[in-house]
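Everything below concerns the one structure shown next.
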Amino acid sequence: MSKSYYSLGLMSGTSMDGVDASIIQTDGKSKYKAIFDKYFEYHKDIYQNLTKLRDKIKRSKDLKKFEKKIKSIEKDLTLFHAKAANEIIKKNKVNVDFIGFHGQTIYHNANEKISKQLGDGKLLSKLTKKTVVYNFRKNDLKKGGRGAPLTPIFHKLLKTKFKIKYAAFVNIGGIVNVTFFNDIHPMSGMDIGPGMCLIDQWIRQNSKKKYDQNGIIAQSGKVNKIVSDQLVWDFINKEYVLCGDPHTFYDEDTVQSFDVKDFDLSFVKDLSLEDGAATLAESTASIISFIFLYTEAYEEKIILCGGGRKNNFLVERLKKKHSYPFRINLIDDYGVNGDFVESQAFAYLAIRSYLKLPISFPFTTGVSWPCTGGKIVKNY
C-alpha cells in the first residue's frame with residue numbers, strides 16, 4: 001500500500017491579487033483527498049509593487065536591470081506566503097509533510113528557456129519549518145520542454161477519481177490552458193491563449209476595480225464584433241501560434257505556452273469600459289472555442305476551472321459557441337472548489353517531485369521524455 005502524505009500547495013496566479021492555499025492528502029499517484037482551502041488577499045502595497053514590476057519587465061534583460069527591486073519584492077512576497085502557510089498549518093491538526101510553493105510568475109519565455117517565479121524557497125522553509133518544493137518549471141525547460149502547463153497530471157487524477165472517460169479540462173486563469181483525455185492521447189495539454197489577463201488589465205486601467213466580478217461589467221456592455229474579430233484574427237496569425245500552418249492550429253500534437261505579455265490590448269483602447277470588457281470576453285471565448293473542434297469528435301466533457309469560470313458572460317458565450325452546451329460543466333459540479341484546483345495541483349506536484357515521479361510529459365510541455373521537477377529544500 002502506497003504511503004500517503006499531507007501537502008500544502010501555495011499558488012499565486014497572473015491576477016497577482018493574492019494566494020490560494022490548499023492542503024491535500026495523497027500518495028502522489030492515485031489517492032487524493034482535499035483537506036482545506038483558503039484564499040489570502042495580498043496587501044495593497046504587495047499588489048501594487050507586483051503589478052508595477054511586471055509591467056516594467058518586458059524582456060529577459062529587464063530581470064537583470066531590476067534585480068534589486070525583484071529581490072526586495074521577493075522577500076515581501078515570501079514573508080506573506082510564510083504567514084499564510086503558518087496560519088493554515090496552525091488551524092489544521094494534520095502534520096503537513098511538504099509545501100508546494102509555485103511563487104509569483106513575472107516573466108515566462110519558453111524560447112529563451114526562462115521562467116521567473118518570485119519566491120525564496122529557503123526562506124519559506126526556515127519560516128515554516130517545513131520541507132519546501134519550488135522552482136517546478138526549471139527542469140522541464142532544461143530538458144527541452146516549455147515549462148507549462150504543469151497541471152495535466154493533476155487533472156488526470158481528478159478524471160480518474162470521478163470516473164470520466166473523455167474530458168477536456170479548461171483552466172481559465174490569466175492564461176487559458178487545456179488538458180485533453182481521449183483515445184488519441186491518454187493525456188495531452190497546452191496553453192490556448194489569453195484567459196482573464198486582458199480583461200483584468202482592461203478593468204485595472206479603466207476603473208478602480210481589479211477585475212470584472214462575475215462578468216457584471218461585460219454583461220452591461222455591447223460586443224464590438226469588428227474589434228473582436230480583429231483581435232482573434234491577430235492572435236491566430238501570430239507566428240508563435242500558427243507553427244507555420246493554419247491547419248495545425250490547436251492540433252493536440254502541438255505544444256505551446258504563453259506569457260501575459262504575448263497579448264495585445266490596444267484593439268479595444270477606444271471602447272468604453274463596459275464595451276471593452278464585453279468585447280474582450282467575446283474574443284477570449286472565441287479563442288477557447290477552437291478546442292471544441294477536437295472535443296466534439298470524442299463527446300468529451302468540457303470541465304471549466306480557474307477564476308474565469310465565474311465570469312458568467314464569458315461562460316454563456318462559450319456555451320453559445322458549442323454544439324452541445326450541456327457538455328460544459330464547472331469543476332465545482334464534481335465537488336471540487338474551482339478556485340483551488342491549481343493550489344491543490346502544486347501540493348500534488350510537490351509530493352511527486354519528492355518521490356521523483358514525472359510532473360511533465362512530451363504531450364503536455366513538449367519535453368523530450370517524462371521528467372520530474374521541483375527543487376526540494378529543508379532549511380531548519
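Please note that chains go A, B, ... in the order of the C-alpha cells, that every chain numbers its residues from 1, and that ligands are numbered from 1 in the order shown.
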Give me, as a PyMOL selection string, the residues of stretch 97-284 of chain A that a backbone DSSP run labels alpha helix (DSSP H). chain A and resi 121-128+138-142+152-161+197-206+216-219+225-236+239-242+273-284
Would you list the contacts of A:Ile23 as a list in words, taking every protein, DNA or RNA residue within 8 Å and counting only C-alpha atoms, but skipping same-chain residues closer than 2 positions in sequence?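 Result of the neighbour search: Tyr6, Ser7, Leu8, Gly9, Ala21, Gln25, Ala34, Ile35, Phe36, Asp37, Val96, Gln344 and Ala347 of chain A.
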Tell me which protein, DNA and RNA residues are within 8 Å of stretch 166-177 of chain A, counting only C-alpha atoms, leaving out same-chain ones fewer than 2 positions away, and put them as a short mmCIF file (atom, residue, chain, number, x, y, z; two decimals) with C-alpha atoms, in the first residue's frame.
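Now in selection-v7.cif:
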data_model
loop_
_atom_site.label_atom_id
_atom_site.label_comp_id
_atom_site.auth_asym_id
_atom_site.auth_seq_id
_atom_site.Cartn_x
_atom_site.Cartn_y
_atom_site.Cartn_z
CA GLY A 13 -1.68 33.45 -10.49
CA THR A 14 -1.38 36.17 -13.12
CA SER A 15 -4.09 38.29 -11.46
CA PRO A 149 1.28 23.65 -18.38
CA HIS A 155 -6.31 16.77 -14.00
CA LYS A 159 -10.56 12.41 -14.13
CA ILE A 164 -14.80 10.38 -16.52
CA THR A 179 -5.80 19.11 -20.85
CA PHE A 180 -7.31 16.55 -23.24
CA PHE A 181 -8.13 12.94 -22.40
CA ASN A 182 -9.29 10.82 -25.34
CA GLY A 189 -2.07 19.62 -22.69
CA MET A 190 -1.17 23.09 -23.88
CA ASP A 191 -1.76 26.77 -23.34
CA ILE A 192 -4.60 28.06 -25.52
CA GLY A 193 -4.19 31.82 -25.30
CA PRO A 194 -5.37 34.78 -23.21
CA GLY A 195 -7.78 33.99 -20.40
CA MET A 196 -8.55 36.69 -17.88
CA CYS A 197 -5.27 38.60 -18.24
CA LEU A 198 -6.51 41.05 -20.89
CA PHE A 258 2.35 31.79 -23.33
CA ASP A 259 3.10 34.74 -21.10
CA VAL A 260 0.63 37.57 -20.43
CA ILE A 288 -11.18 28.99 -26.41
CA THR A 295 -13.83 17.70 -28.22
CA TYR A 298 -14.93 12.24 -28.68
CA GLU A 299 -18.01 13.58 -26.90
CA GLU A 300 -15.65 14.97 -24.27
CA LYS A 301 -16.99 16.83 -21.28
CA ILE A 302 -15.67 20.38 -21.07
CA ILE A 303 -14.77 20.99 -17.42
CA LEU A 304 -14.08 24.63 -16.58
CA CYS A 305 -11.62 25.51 -13.81
CA GLY A 306 -9.98 28.74 -12.66
CA GLY A 307 -11.26 32.22 -11.89
CA GLY A 308 -12.65 32.76 -15.39
CA ARG A 309 -15.36 30.17 -14.78
#
Residue neighbourhood A:Thr131, 8 Å, only C-alpha atoms, exclusion window fewer than 3 positions, as a ChimeraX atom specification: /A:97-99,125,376-379
Name the residues in contact with stretch 75-87 of chain A at a cut-off of 6 Å, using only C-alpha atoms, excluding same-chain residues fewer than 3 positions from it; report them as a PyMOL selection string. chain A and resi 72+90+119+124
Quick one: residues within 12 Å of stretch 52-61 of chain A, only C-alpha atoms counted, chain neighbours fewer than 3 positions away excluded, as a PyMOL selection string? chain A and resi 14-16+45-49+64-74+104-118+201+204+259-262
Limited to N, CA and C atoms, could you put the picked residues into a file as a short mmCIF file (atom, residue, chain, number, x, y, z; two decimals), in the first residue's frame?
data_model
loop_
_atom_site.label_atom_id
_atom_site.label_comp_id
_atom_site.auth_asym_id
_atom_site.auth_seq_id
_atom_site.Cartn_x
_atom_site.Cartn_y
_atom_site.Cartn_z
N THR A 14 -1.71 34.96 -12.38
CA THR A 14 -1.38 36.17 -13.12
C THR A 14 -2.21 37.38 -12.69
N SER A 15 -3.31 37.16 -11.96
CA SER A 15 -4.09 38.29 -11.46
C SER A 15 -3.32 39.03 -10.38
N MET A 16 -2.37 38.34 -9.74
CA MET A 16 -1.50 38.94 -8.73
C MET A 16 -2.26 39.57 -7.58
N ASP A 45 0.12 47.18 -0.87
CA ASP A 45 1.46 47.54 -1.34
C ASP A 45 2.10 46.40 -2.13
N ILE A 46 1.86 45.14 -1.70
CA ILE A 46 2.41 43.99 -2.44
C ILE A 46 1.77 43.91 -3.83
N TYR A 47 0.46 44.06 -3.88
CA TYR A 47 -0.26 44.01 -5.16
C TYR A 47 0.26 45.09 -6.12
N GLN A 48 0.38 46.30 -5.62
CA GLN A 48 0.83 47.41 -6.48
C GLN A 48 2.28 47.22 -6.92
N ASN A 49 3.14 46.78 -6.00
CA ASN A 49 4.54 46.55 -6.35
C ASN A 49 4.70 45.45 -7.39
N LYS A 64 17.63 41.46 -15.08
CA LYS A 64 18.90 41.94 -14.53
C LYS A 64 18.80 43.42 -14.17
N LYS A 65 18.15 44.17 -15.01
CA LYS A 65 18.03 45.61 -14.82
C LYS A 65 17.32 45.94 -13.51
N PHE A 66 16.29 45.17 -13.17
CA PHE A 66 15.51 45.43 -11.96
C PHE A 66 15.80 44.41 -10.85
N GLU A 67 17.01 43.89 -10.86
CA GLU A 67 17.38 42.81 -9.94
C GLU A 67 17.16 43.20 -8.47
N LYS A 68 17.56 44.39 -8.08
CA LYS A 68 17.42 44.81 -6.68
C LYS A 68 15.95 44.91 -6.28
N LYS A 69 15.14 45.46 -7.17
CA LYS A 69 13.71 45.58 -6.90
C LYS A 69 13.07 44.20 -6.81
N ILE A 70 13.49 43.30 -7.67
CA ILE A 70 12.97 41.94 -7.67
C ILE A 70 13.27 41.26 -6.34
N LYS A 71 14.50 41.40 -5.86
CA LYS A 71 14.90 40.78 -4.59
C LYS A 71 14.07 41.32 -3.43
N SER A 72 13.84 42.63 -3.44
CA SER A 72 13.07 43.25 -2.36
C SER A 72 11.62 42.75 -2.34
N ILE A 73 11.00 42.73 -3.51
CA ILE A 73 9.61 42.29 -3.60
C ILE A 73 9.52 40.79 -3.32
N GLU A 74 10.52 40.05 -3.75
CA GLU A 74 10.53 38.61 -3.49
C GLU A 74 10.52 38.30 -2.00
N GLN A 104 5.38 33.63 -7.64
CA GLN A 104 4.65 34.58 -8.48
C GLN A 104 5.40 34.78 -9.80
N THR A 105 4.80 34.35 -10.89
CA THR A 105 5.44 34.49 -12.20
C THR A 105 5.48 35.95 -12.63
N ILE A 106 6.68 36.42 -12.98
CA ILE A 106 6.80 37.78 -13.51
C ILE A 106 7.34 37.79 -14.94
N TYR A 107 7.87 36.63 -15.39
CA TYR A 107 8.33 36.55 -16.77
C TYR A 107 8.41 35.09 -17.19
N HIS A 108 7.88 34.80 -18.38
CA HIS A 108 7.94 33.43 -18.90
C HIS A 108 8.17 33.50 -20.40
N ASN A 109 9.28 32.91 -20.85
CA ASN A 109 9.57 32.83 -22.27
C ASN A 109 10.22 31.49 -22.54
N ALA A 110 9.43 30.57 -23.05
CA ALA A 110 9.92 29.20 -23.26
C ALA A 110 11.03 29.15 -24.30
N ASN A 111 10.98 30.03 -25.31
CA ASN A 111 12.02 30.04 -26.34
C ASN A 111 13.38 30.39 -25.77
N GLU A 112 13.38 31.23 -24.73
CA GLU A 112 14.63 31.60 -24.06
C GLU A 112 14.96 30.65 -22.91
N LYS A 113 14.05 29.71 -22.68
CA LYS A 113 14.18 28.77 -21.55
C LYS A 113 14.26 29.51 -20.21
N ILE A 114 13.42 30.53 -20.10
CA ILE A 114 13.38 31.32 -18.86
C ILE A 114 11.95 31.36 -18.34
N SER A 115 11.79 31.02 -17.08
CA SER A 115 10.50 31.19 -16.40
C SER A 115 10.82 31.65 -14.98
N LYS A 116 10.55 32.91 -14.71
CA LYS A 116 10.94 33.52 -13.44
C LYS A 116 9.73 33.63 -12.50
N GLN A 117 9.78 32.86 -11.42
CA GLN A 117 8.78 32.96 -10.37
C GLN A 117 9.43 33.56 -9.12
N LEU A 118 8.84 34.61 -8.59
CA LEU A 118 9.35 35.19 -7.35
C LEU A 118 8.98 34.29 -6.18
N GLN A 201 -6.56 43.35 -17.01
CA GLN A 201 -5.75 44.53 -17.30
C GLN A 201 -6.63 45.70 -17.74
N ARG A 204 -8.42 47.12 -14.67
CA ARG A 204 -7.49 47.86 -13.81
C ARG A 204 -7.15 49.22 -14.40
N ASP A 259 2.97 33.80 -22.21
CA ASP A 259 3.10 34.74 -21.10
C ASP A 259 2.07 35.84 -21.34
N VAL A 260 1.65 36.53 -20.28
CA VAL A 260 0.63 37.57 -20.43
C VAL A 260 1.10 38.67 -21.38
N LYS A 261 2.40 38.84 -21.53
CA LYS A 261 2.94 39.89 -22.40
C LYS A 261 2.85 39.54 -23.88
N ASP A 262 2.40 38.32 -24.18
CA ASP A 262 2.26 37.91 -25.58
C ASP A 262 1.01 38.47 -26.23
#
Could you give me, as a VMD selection string, each residue of stretch 88-220 of chain A that DSSP assigns to strand (DSSP E or B) when run on this structure's backbone? chain A and resid 98 to 109 114 to 118 131 to 134 167 to 172 175 to 181 188 to 194
Restricting it to N, CA and C atoms, dump the selection as a CSV table (one decimal), in the first residue's frame.
chain,number,residue,atom,x,y,z
A,98,PHE,N,4.9,18.5,3.2
A,98,PHE,CA,5.6,19.3,2.2
A,98,PHE,C,4.8,20.6,2.0
A,99,ILE,N,5.5,21.6,1.5
A,99,ILE,CA,4.8,22.8,0.9
A,99,ILE,C,5.2,22.9,-0.5
A,100,GLY,N,4.2,22.9,-1.4
A,100,GLY,CA,4.5,23.1,-2.8
A,100,GLY,C,4.3,24.6,-3.1
A,101,PHE,N,5.4,25.3,-3.4
A,101,PHE,CA,5.5,26.7,-3.5
A,101,PHE,C,5.7,27.2,-5.0
A,102,HIS,N,4.6,27.5,-5.6
A,102,HIS,CA,4.7,27.9,-7.0
A,102,HIS,C,5.4,29.3,-7.2
A,103,GLY,N,5.1,30.2,-6.3
A,103,GLY,CA,5.7,31.5,-6.5
A,103,GLY,C,4.9,32.4,-7.4
A,104,GLN,N,5.4,33.6,-7.6
A,104,GLN,CA,4.7,34.6,-8.5
A,104,GLN,C,5.4,34.8,-9.8
A,105,THR,N,4.8,34.3,-10.9
A,105,THR,CA,5.4,34.5,-12.2
A,105,THR,C,5.5,36.0,-12.6
A,106,ILE,N,6.7,36.4,-13.0
A,106,ILE,CA,6.8,37.8,-13.5
A,106,ILE,C,7.3,37.8,-14.9
A,107,TYR,N,7.9,36.6,-15.4
A,107,TYR,CA,8.3,36.6,-16.8
A,107,TYR,C,8.4,35.1,-17.2
A,108,HIS,N,7.9,34.8,-18.4
A,108,HIS,CA,7.9,33.4,-18.9
A,108,HIS,C,8.2,33.5,-20.4
A,109,ASN,N,9.3,32.9,-20.8
A,109,ASN,CA,9.6,32.8,-22.3
A,109,ASN,C,10.2,31.5,-22.5
A,114,ILE,N,13.4,30.5,-20.1
A,114,ILE,CA,13.4,31.3,-18.9
A,114,ILE,C,11.9,31.4,-18.3
A,115,SER,N,11.8,31.0,-17.1
A,115,SER,CA,10.5,31.2,-16.4
A,115,SER,C,10.8,31.7,-15.0
A,116,LYS,N,10.6,32.9,-14.7
A,116,LYS,CA,10.9,33.5,-13.4
A,116,LYS,C,9.7,33.6,-12.5
A,117,GLN,N,9.8,32.9,-11.4
A,117,GLN,CA,8.8,33.0,-10.4
A,117,GLN,C,9.4,33.6,-9.1
A,118,LEU,N,8.8,34.6,-8.6
A,118,LEU,CA,9.4,35.2,-7.3
A,118,LEU,C,9.0,34.3,-6.2
A,131,THR,N,9.5,21.1,4.8
A,131,THR,CA,10.2,20.9,3.5
A,131,THR,C,9.5,21.6,2.4
A,132,VAL,N,10.2,22.4,1.7
A,132,VAL,CA,9.5,23.2,0.6
A,132,VAL,C,10.0,22.7,-0.8
A,133,VAL,N,9.1,22.6,-1.7
A,133,VAL,CA,9.4,22.2,-3.1
A,133,VAL,C,9.0,23.4,-3.9
A,134,TYR,N,9.9,23.9,-4.7
A,134,TYR,CA,9.6,25.1,-5.5
A,134,TYR,C,10.4,25.0,-6.9
A,167,ALA,N,-12.5,13.8,-21.5
A,167,ALA,CA,-12.7,15.1,-20.9
A,167,ALA,C,-11.7,16.1,-21.4
A,168,ALA,N,-12.0,17.4,-21.4
A,168,ALA,CA,-11.1,18.4,-21.7
A,168,ALA,C,-11.2,19.4,-20.5
A,169,PHE,N,-10.2,19.4,-19.6
A,169,PHE,CA,-10.2,20.4,-18.5
A,169,PHE,C,-9.7,21.7,-19.0
A,170,VAL,N,-10.5,22.7,-18.9
A,170,VAL,CA,-10.1,24.0,-19.4
A,170,VAL,C,-9.9,25.0,-18.2
A,171,ASN,N,-8.7,25.3,-18.0
A,171,ASN,CA,-8.4,26.2,-16.9
A,171,ASN,C,-8.3,27.6,-17.4
A,172,ILE,N,-9.3,28.4,-17.0
A,172,ILE,CA,-9.4,29.8,-17.4
A,172,ILE,C,-8.8,30.7,-16.3
A,175,ILE,N,-3.9,33.0,-18.2
A,175,ILE,CA,-3.7,32.2,-19.5
A,175,ILE,C,-4.7,31.1,-19.4
A,176,VAL,N,-5.2,30.7,-20.6
A,176,VAL,CA,-6.1,29.5,-20.7
A,176,VAL,C,-5.2,28.3,-21.1
A,177,ASN,N,-5.3,27.2,-20.3
A,177,ASN,CA,-4.7,26.0,-20.7
A,177,ASN,C,-5.7,24.9,-20.7
A,178,VAL,N,-5.4,23.9,-21.5
A,178,VAL,CA,-6.4,22.8,-21.6
A,178,VAL,C,-5.7,21.4,-21.5
A,179,THR,N,-6.3,20.5,-20.9
A,179,THR,CA,-5.8,19.1,-20.9
A,179,THR,C,-6.8,18.2,-21.5
A,180,PHE,N,-6.4,17.5,-22.5
A,180,PHE,CA,-7.3,16.6,-23.2
A,180,PHE,C,-7.1,15.1,-22.7
A,181,PHE,N,-8.2,14.4,-22.7
A,181,PHE,CA,-8.1,12.9,-22.4
A,181,PHE,C,-9.1,12.3,-23.4
A,188,SER,N,-2.9,15.0,-23.0
A,188,SER,CA,-2.2,16.0,-23.7
A,188,SER,C,-2.6,17.3,-23.2
A,189,GLY,N,-1.7,18.3,-23.2
A,189,GLY,CA,-2.1,19.6,-22.7
A,189,GLY,C,-1.3,20.7,-23.4
A,190,MET,N,-1.9,21.9,-23.3
A,190,MET,CA,-1.2,23.1,-23.9
A,190,MET,C,-1.9,24.4,-23.4
A,191,ASP,N,-1.1,25.5,-23.5
A,191,ASP,CA,-1.8,26.8,-23.3
A,191,ASP,C,-2.6,27.1,-24.6
A,192,ILE,N,-3.7,27.7,-24.4
A,192,ILE,CA,-4.6,28.1,-25.5
A,192,ILE,C,-4.4,29.5,-26.0
A,193,GLY,N,-4.3,30.4,-25.0
A,193,GLY,CA,-4.2,31.8,-25.3
A,193,GLY,C,-4.6,32.7,-24.1
A,194,PRO,N,-5.0,33.9,-24.3
A,194,PRO,CA,-5.4,34.8,-23.2
A,194,PRO,C,-6.6,34.3,-22.5
